[in-house]
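**Student:** What follows is a structure written as structure tokens; I'll ask about it next.
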Amino acid sequence: MISIDNISMAYGSPPRTVLDRIDLEIEEGEFVCVLGQTGCGKSTLLRLILGSEQPTSGRVLIDGKEHKQPDRMRGYVPQKYSLFPDRTVLDNITFGPELCEFRLLSRFTPAYYRRRNELREEAMGYLRRIGLRATDAKKYPDQLSGGMQQRVAIAQALMTSPRILLMDEAFSALDPATRRGMQALIRDLWQSIGKTILFVTHNTHEAVHLATRVIVLAKDNPEHGSRIALDLKVPETVHEDDIAHLVRKLEAASQESDSVASPNEEGSPQSAAVRVG
């Protein structure tokens, strides 16, 4: 579904390379966590897939086509809550679809009110699915806890019916208990709605508990951009005894300089992928 074809990304002048010749294939329905140390380019990779930034070289393909700007195919949940403070929970959830579908001239017609009611019914369904009550629909963001605000942000992203859900450190600002609850929520949502999810995190335990596959980005040299140091499939059932082993493997990959392979004989990049399960 997603094909990342030899992309590199550099910023500034003189240019500083953040990502260096990344090749990656992601199948529809996968839950992929992108792991790595601060500054390794995790969020940059997500923005390239979103289409909000373009690579310095290479291509990002979805279903074989380049998409050079964000669209409804890709939902996005940032680290900071993306809610409008002057809108209710319900209005926040429906804002995206209403903005896309309603034009000034179509307002206040029977078709407008009919579609508006349909969107609000759909939003209430997502509200229940993310574990909030109907009475929360009329509240404003400042009346919600951090965990509740992040639930609304997830519902906001899902309302556009994206095939791909991109989540950038979405739970990092939450306290441990709330974070565990949100991890269970997003895993249950993934199992029930079948979206392709890319989830950026720096928390190794979170990656192991959430993902079906973990991609580790790391630099083989501080002057170089990050490459794929490890591509690890997480077994469907992970026993407690296996978790510590997986965590050590992932953390070692993000730290060791020799975990990235050099180009192969033909000159194309080859990741040092290790698969488990």
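Each chain in the structure tokens gets a letter, A, B and so on, in the order shown; residues start at 1 in every chain, and ligands are counted from 1 in the order they appear.
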Extract, using only C-alpha atoms, all DNA, RNA and protein residues at most 7 Å from A:Val216, discarding same-chain residues fewer than 6 positions from it, and format them as a PyMOL selection string.
**Tutor:** chain A and resi 34-36+228-231+253-254
**Student:** Print the selection's residues with N, CA and C atoms to a file, as a PDB file, in the first residue's frame.
**Tutor:**
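For reference, part28.pdb as written:
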```
ATOM      1  N   VAL A  34       7.260   3.290  14.415  1.00  0.00           N
ATOM      2  CA  VAL A  34       8.557   3.821  14.010  1.00  0.00           C
ATOM      3  C   VAL A  34       9.271   4.280  15.270  1.00  0.00           C
ATOM      4  N   LEU A  35      10.404   3.667  15.531  1.00  0.00           N
ATOM      5  CA  LEU A  35      11.116   3.852  16.797  1.00  0.00           C
ATOM      6  C   LEU A  35      12.501   4.435  16.524  1.00  0.00           C
ATOM      7  N   GLY A  36      13.018   5.183  17.460  1.00  0.00           N
ATOM      8  CA  GLY A  36      14.369   5.720  17.320  1.00  0.00           C
ATOM      9  C   GLY A  36      14.617   6.825  18.320  1.00  0.00           C
ATOM     10  N   ILE A 228      17.302   2.631   8.003  1.00  0.00           N
ATOM     11  CA  ILE A 228      16.596   1.577   8.732  1.00  0.00           C
ATOM     12  C   ILE A 228      17.614   0.629   9.336  1.00  0.00           C
ATOM     13  N   ALA A 229      17.668   0.627  10.665  1.00  0.00           N
ATOM     14  CA  ALA A 229      18.604  -0.227  11.376  1.00  0.00           C
ATOM     15  C   ALA A 229      18.006  -1.591  11.686  1.00  0.00           C
ATOM     16  N   LEU A 230      16.692  -1.643  11.800  1.00  0.00           N
ATOM     17  CA  LEU A 230      16.037  -2.904  12.142  1.00  0.00           C
ATOM     18  C   LEU A 230      14.603  -2.868  11.641  1.00  0.00           C
ATOM     19  N   ASP A 231      14.163  -3.963  11.071  1.00  0.00           N
ATOM     20  CA  ASP A 231      12.783  -4.125  10.609  1.00  0.00           C
ATOM     21  C   ASP A 231      12.298  -5.429  11.231  1.00  0.00           C
ATOM     22  N   ALA A 253      19.492  -1.755  18.498  1.00  0.00           N
ATOM     23  CA  ALA A 253      19.494  -1.313  17.100  1.00  0.00           C
ATOM     24  C   ALA A 253      19.491   0.200  16.979  1.00  0.00           C
ATOM     25  N   SER A 254      18.818   0.877  17.910  1.00  0.00           N
ATOM     26  CA  SER A 254      18.733   2.339  17.836  1.00  0.00           C
ATOM     27  C   SER A 254      20.002   3.022  18.323  1.00  0.00           C
TER      28      SER A 254
END
```
**Student:** Out of stretch 23-95 of chain A, which residues get helix (DSSP H, G or I) from DSSP, as a ChimeraX atom specification?
**Tutor:** /A:42-50,89-95
**Student:** Could you write out the selected residues, including N, CA and C atoms, as a CSV table (one decimal), in the first residue's frame?
**Tutor:**
```csv
chain,number,residue,atom,x,y,z
A,42,LYS,N,12.1,10.4,12.8
A,42,LYS,CA,10.8,9.7,12.9
A,42,LYS,C,9.6,10.6,12.4
A,43,SER,N,9.5,11.7,13.0
A,43,SER,CA,8.4,12.6,12.6
A,43,SER,C,8.6,13.1,11.2
A,44,THR,N,9.8,13.3,10.7
A,44,THR,CA,10.0,13.7,9.3
A,44,THR,C,9.5,12.6,8.4
A,45,LEU,N,9.7,11.4,8.7
A,45,LEU,CA,9.2,10.3,7.8
A,45,LEU,C,7.7,10.3,7.8
A,46,LEU,N,7.1,10.6,8.9
A,46,LEU,CA,5.6,10.6,9.0
A,46,LEU,C,5.1,11.8,8.1
A,47,ARG,N,5.7,12.9,8.2
A,47,ARG,CA,5.3,14.1,7.4
A,47,ARG,C,5.4,13.8,5.9
A,48,LEU,N,6.4,13.1,5.5
A,48,LEU,CA,6.6,12.8,4.1
A,48,LEU,C,5.5,11.8,3.6
A,49,ILE,N,5.1,10.9,4.5
A,49,ILE,CA,4.0,10.0,4.1
A,49,ILE,C,2.7,10.8,4.1
A,50,LEU,N,2.5,11.7,5.0
A,50,LEU,CA,1.3,12.6,5.1
A,50,LEU,C,1.2,13.5,3.8
A,89,VAL,N,-16.8,19.5,21.5
A,89,VAL,CA,-16.2,18.2,21.1
A,89,VAL,C,-16.9,17.7,19.8
A,90,LEU,N,-18.2,17.8,19.7
A,90,LEU,CA,-18.9,17.4,18.5
A,90,LEU,C,-18.5,18.2,17.3
A,91,ASP,N,-18.4,19.5,17.5
A,91,ASP,CA,-18.0,20.4,16.4
A,91,ASP,C,-16.5,20.2,16.0
A,92,ASN,N,-15.7,19.8,16.9
A,92,ASN,CA,-14.3,19.5,16.6
A,92,ASN,C,-14.2,18.2,15.7
A,93,ILE,N,-15.0,17.2,16.1
A,93,ILE,CA,-15.0,16.0,15.3
A,93,ILE,C,-15.5,16.1,13.9
A,94,THR,N,-16.6,16.9,13.8
A,94,THR,CA,-17.2,17.1,12.4
A,94,THR,C,-16.5,18.2,11.6
A,95,PHE,N,-15.6,18.9,12.1
A,95,PHE,CA,-15.1,20.1,11.4
A,95,PHE,C,-14.5,19.7,10.1
```
**Student:** Which residue is closest to A:Pro15? Choose from A:Thr56, A:Glu98, A:Glu236, A:Tyr81 and count only C-alpha atoms.
**Tutor:** A:Thr56
**Student:** Please determine, counting only C-alpha atoms, which residue among A:Pro97, A:Pro55, A:Gly29, A:Pro85 has the shortest atom-to-atom distance to A:Asn6.
**Tutor:**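 Closest residue, counting only C-alpha atoms: A:Pro55.
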**Student:** Would you compute the distance between atom CA of A:Gly225 and atom CA of A:Ala252? Give it in Å to one decimal.
**Tutor:**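 Straight-line distance from atom CA of A:Gly225 to atom CA of A:Ala252 works out to 18.0 Å.
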**Student:** Hey, can you check how far atom CA of A:Pro176 sits from atom CA of A:Thr237?
**Tutor:**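 Computing it gives 23.0 Å between the two atoms.
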**Student:** Can you check which residues of stretch 111-237 of chain A DSSP gives as strand (DSSP E) on the backbone and send them as a ChimeraX atom specification?
**Tutor:** /A:164-168,196-201,213-218,227-233
